[in-house]
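Notes for the one structure printed next.
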Amino acid sequence: MNNAKVIDANKLFVSAQEQEWITQAQQGSQIAFHQLYQRHHRQVYALCWRMLADKDSAEDVCQEVFVVLWQKITNFRGESKFSTWLHSVTSNVVLSHIRKQKNWFQRVFSIEEQTNYSLPDEAAVELDDSSELEVLDKHIAQLPERARLVFVLFAVEGYRHEEIATMLSMAVGSSKSQYHRARTLLKQAMSEAAVVGGYDE
Amino acid sequence: MNKQVSDQTLASEVRKLPKDMQPQRDLWPGIERAIQHKNQRVQHTDKQQSLPPMAWAASIIAAVLVAWISFAPTSTNITPDLVSNHSEQAALNSDVLVKAMQTNFQQQKQAMLVSYGKPDMSNLPVTMQNQLEELAQARKTIEKALKADANNVDLLNLLRFTQQQELNLLQQLYPYMNNNNVHWQSI
């Protein structure tokens with residue numbers, strides 16, 4: 001009971017402190033903005049990494065997210081949690097980055113470069129988490145781009161298919177089928193990993 | 001034989017995914033540089049947007065002067081025979097008026113510069129120096145024209161207008177110079 005009260009008070013304090021930093025950052029304080037960065041950059045980076053499946057791009061885009069955040073932070077009205085709002089900013093910046101990377105032909109015909117699913121390359125994917133979680137993240141990273149984006153946005157970030165369809169300029173049905181495809185590929189890869197590496201379900 | 005992974009297992013593994021990941025390099029210095037660069041660009045753009053009205057004013061004065069000097073007939077051409085003692089007296093009075101206007105203007109300008117701490121004008125951006133120079137040149141040209149046609153009311157009004165524009169420009173440039181850390185001479 002006492003522990004619960006301590007935790008609640010701590011949450012309240014953290015939330016009040018964050019609100020103070022947001023207000024100061026909205027007034028142009030880079031020190032307050034740095035505090036917000038310190039608190040949120042790991043989550044932002046995780047989302048960038050999962051959507052982009054590339055360490056260097058994820059780092060670059062994570063930086064871009066915070067530059068955009070600095071410009072847009074006055075738009076935050078407190079109608080949702082700051083972390084929720086920041087994740088939506090992050091998703092939009094990542095998707096914008098992906099669109100910019102594609103050439104005209106790829107954009108018009110929605111061609112996916114990464115169509116063949118294979119087991120992850122150890123050198124390409126580096127994570128410092130426990131082995132089980134590394135495995136799942138590595139499998140997600142190996143999904144085809146659209147399937148990966150839909151899976152991360154739906155299963156990890158909790159967006160609805162209607163929202164994802166708007167964000168990715170696709171039909172709702174396509175979002176659902178890409179999610180189904182991602183799930184099938186992931187289960188298949190996890191099953192194979194269980195056989196090869198003794199992965200325990 | 002493959003061990004099949006169920007939907008529940010996959011969902012459970014997704015829930016266990018870490019919320020955080022640590023980037024390998026420190027991302028903050030790059031973010032800080034980009035933010036400062038963007039702030040500077042915004043300030044620069046704001047100032048650029050405030051300058052054109054003065055540039056327009058300077059250009060209009062210059063154009064009016066050129067037109068005046070090129071096309072306006074001088075008083076000696078029009079009324080060579082009408083110059084009388086009366087008009088000579090009027091010219092003398094106008095001379096005094098022009099000198100009084102010049103003195104008054106110089107006093108106002110000096111008072112303004114002293115109140116700003118006597119800024120070193122050579123540290124201003126070249127475009128601004130040019131605008132100040134254009135206005136000063138316009139004023140001198142009007143003063144020169146007034147020597148030949150001291151009774152011309154239009155020229156007198158133009159001189160007064162030009163002097164005021166020069167003072168206004170100085171007044172507008174002060175905050176710009178201050179924000180950009182222009183060095184000020186001690187007085």
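Ordering of the structure tokens sets the chain letters (A, B, ...); residue numbers start at 1 within each chain; ligands are numbered from 1 in the order shown.
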
| field | Nearby residues (only C-alpha atoms) at most 9 Å from Val44 of chain A, same-chain spacing under 4 positions excluded, as a list in words | value | His40, Cys48, Trp49, Cys62, Val65, Leu86, His87 and Thr90 of chain A; Asp20 and Met21 of chain B

| field | Neighbours of chain B in chain A at 7 Å, counting only C-alpha atoms, as a PyMOL selection string | value | chain A and resi 42-43+45-46+59+63+66-67+133+156+187+190-192+194-195+201

| message | Would you compute the distance between atom CA of Gln107 of chain B and atom CA of Gln164 of chain B? Give it in Å to one decimal. | response | 12.7 Å

Near-segment 163-173 of chain A list (12 Å; only C-alpha atoms; drop same-chain fewer than 5 positions) as a CSV table (one decimal) with N, CA and C atoms, in the first residue's frame:
chain,number,residue,atom,x,y,z
A,88,SER,N,4.1,9.7,-32.4
A,88,SER,CA,3.5,10.0,-33.7
A,88,SER,C,4.3,10.9,-34.5
A,89,VAL,N,5.0,11.9,-33.9
A,89,VAL,CA,6.0,12.7,-34.6
A,89,VAL,C,7.1,11.8,-35.2
A,91,SER,N,7.0,8.6,-36.0
A,91,SER,CA,6.5,7.7,-37.1
A,91,SER,C,6.4,8.5,-38.4
A,92,ASN,N,5.9,9.8,-38.3
A,92,ASN,CA,5.8,10.6,-39.5
A,92,ASN,C,7.2,11.0,-40.0
A,93,VAL,N,8.1,11.3,-39.2
A,93,VAL,CA,9.5,11.6,-39.7
A,93,VAL,C,10.1,10.4,-40.4
A,94,VAL,N,10.0,9.2,-39.8
A,94,VAL,CA,10.5,8.0,-40.3
A,94,VAL,C,9.9,7.8,-41.7
A,95,LEU,N,8.6,7.8,-41.8
A,95,LEU,CA,7.9,7.6,-43.1
A,95,LEU,C,8.3,8.6,-44.1
A,96,SER,N,8.5,9.8,-43.7
A,96,SER,CA,8.9,10.9,-44.6
A,96,SER,C,10.3,10.6,-45.1
A,98,ILE,N,11.7,7.6,-45.3
A,98,ILE,CA,11.6,6.4,-46.3
A,98,ILE,C,11.2,6.9,-47.7
A,99,ARG,N,10.2,7.8,-47.7
A,99,ARG,CA,9.7,8.3,-49.0
A,99,ARG,C,10.8,9.0,-49.7
A,107,ARG,N,8.4,4.9,-56.0
A,107,ARG,CA,7.3,5.5,-55.4
A,107,ARG,C,6.0,5.3,-56.2
A,108,VAL,N,6.1,5.4,-57.5
A,108,VAL,CA,4.9,5.3,-58.3
A,108,VAL,C,4.4,3.8,-58.3
A,110,SER,N,5.3,1.4,-56.1
A,110,SER,CA,5.3,0.7,-54.8
A,110,SER,C,6.1,-0.6,-54.8
A,145,GLU,N,9.9,-4.4,-46.3
A,145,GLU,CA,9.7,-3.1,-45.7
A,145,GLU,C,8.2,-2.8,-45.3
A,146,ARG,N,7.3,-3.1,-46.2
A,146,ARG,CA,5.9,-2.7,-45.9
A,146,ARG,C,5.4,-3.6,-44.8
A,147,ALA,N,5.7,-4.9,-44.8
A,147,ALA,CA,5.2,-5.8,-43.8
A,147,ALA,C,5.8,-5.4,-42.4
A,148,ARG,N,7.1,-5.0,-42.5
A,148,ARG,CA,7.8,-4.6,-41.2
A,148,ARG,C,7.1,-3.3,-40.6
A,149,LEU,N,6.9,-2.3,-41.5
A,149,LEU,CA,6.3,-1.1,-41.0
A,149,LEU,C,4.9,-1.3,-40.4
A,150,VAL,N,4.1,-2.1,-41.1
A,150,VAL,CA,2.8,-2.4,-40.6
A,150,VAL,C,2.9,-3.1,-39.3
A,151,PHE,N,3.7,-4.1,-39.2
A,151,PHE,CA,3.8,-4.9,-38.0
A,151,PHE,C,4.3,-4.0,-36.8
A,152,VAL,N,5.3,-3.2,-37.0
A,152,VAL,CA,5.8,-2.3,-36.0
A,152,VAL,C,4.7,-1.4,-35.5
A,153,LEU,N,4.1,-0.7,-36.5
A,153,LEU,CA,3.1,0.3,-36.1
A,153,LEU,C,1.8,-0.4,-35.5
A,154,PHE,N,1.4,-1.6,-35.9
A,154,PHE,CA,0.2,-2.2,-35.4
A,154,PHE,C,0.5,-2.9,-34.1
A,155,ALA,N,1.5,-3.9,-34.1
A,155,ALA,CA,1.7,-4.8,-33.0
A,155,ALA,C,2.5,-4.1,-31.9
A,157,GLU,N,3.5,-0.5,-31.7
A,157,GLU,CA,3.1,0.9,-31.4
A,157,GLU,C,1.6,1.0,-31.1
A,158,GLY,N,0.8,0.0,-31.5
A,158,GLY,CA,-0.6,0.1,-31.2
A,158,GLY,C,-1.5,0.9,-32.1
A,178,GLN,N,-0.7,-7.2,-45.0
A,178,GLN,CA,0.7,-7.0,-44.7
A,178,GLN,C,1.0,-7.5,-43.3
A,179,TYR,N,0.1,-7.2,-42.4
A,179,TYR,CA,0.3,-7.6,-41.0
A,179,TYR,C,0.3,-9.1,-40.9
A,180,HIS,N,-0.7,-9.7,-41.6
A,180,HIS,CA,-0.8,-11.2,-41.6
A,180,HIS,C,0.5,-11.8,-42.2

| Nearest to Ala136 of chain B, chosen from B:Gln163, B:Asn157, B:Gln110, B:Asn168, with only C-alpha atoms counted in the distances | B:Gln163

| request: Just give me the gap between atom CA of Glu18 of chain A and atom CA of Ala32 of chain A in Å, one decimal is fine. | output: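 Taking atom CA of Glu18 of chain A and atom CA of Ala32 of chain A, their separation equals 9.0 Å.
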
| task | Enter the distance from atom CA of Leu155 of chain B to atom CA of Met121 of chain B, in Å, rounded to one decimal. | result |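 About the pair atom CA of Leu155 of chain B and atom CA of Met121 of chain B: they are 28.5 Å apart.
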
| Contacts of Gln24 of chain A at 12 Å (only C-alpha atoms; same-chain gap of 4+ positions) as a ChimeraX atom specification | /A:17-20,28-36,70,73-74
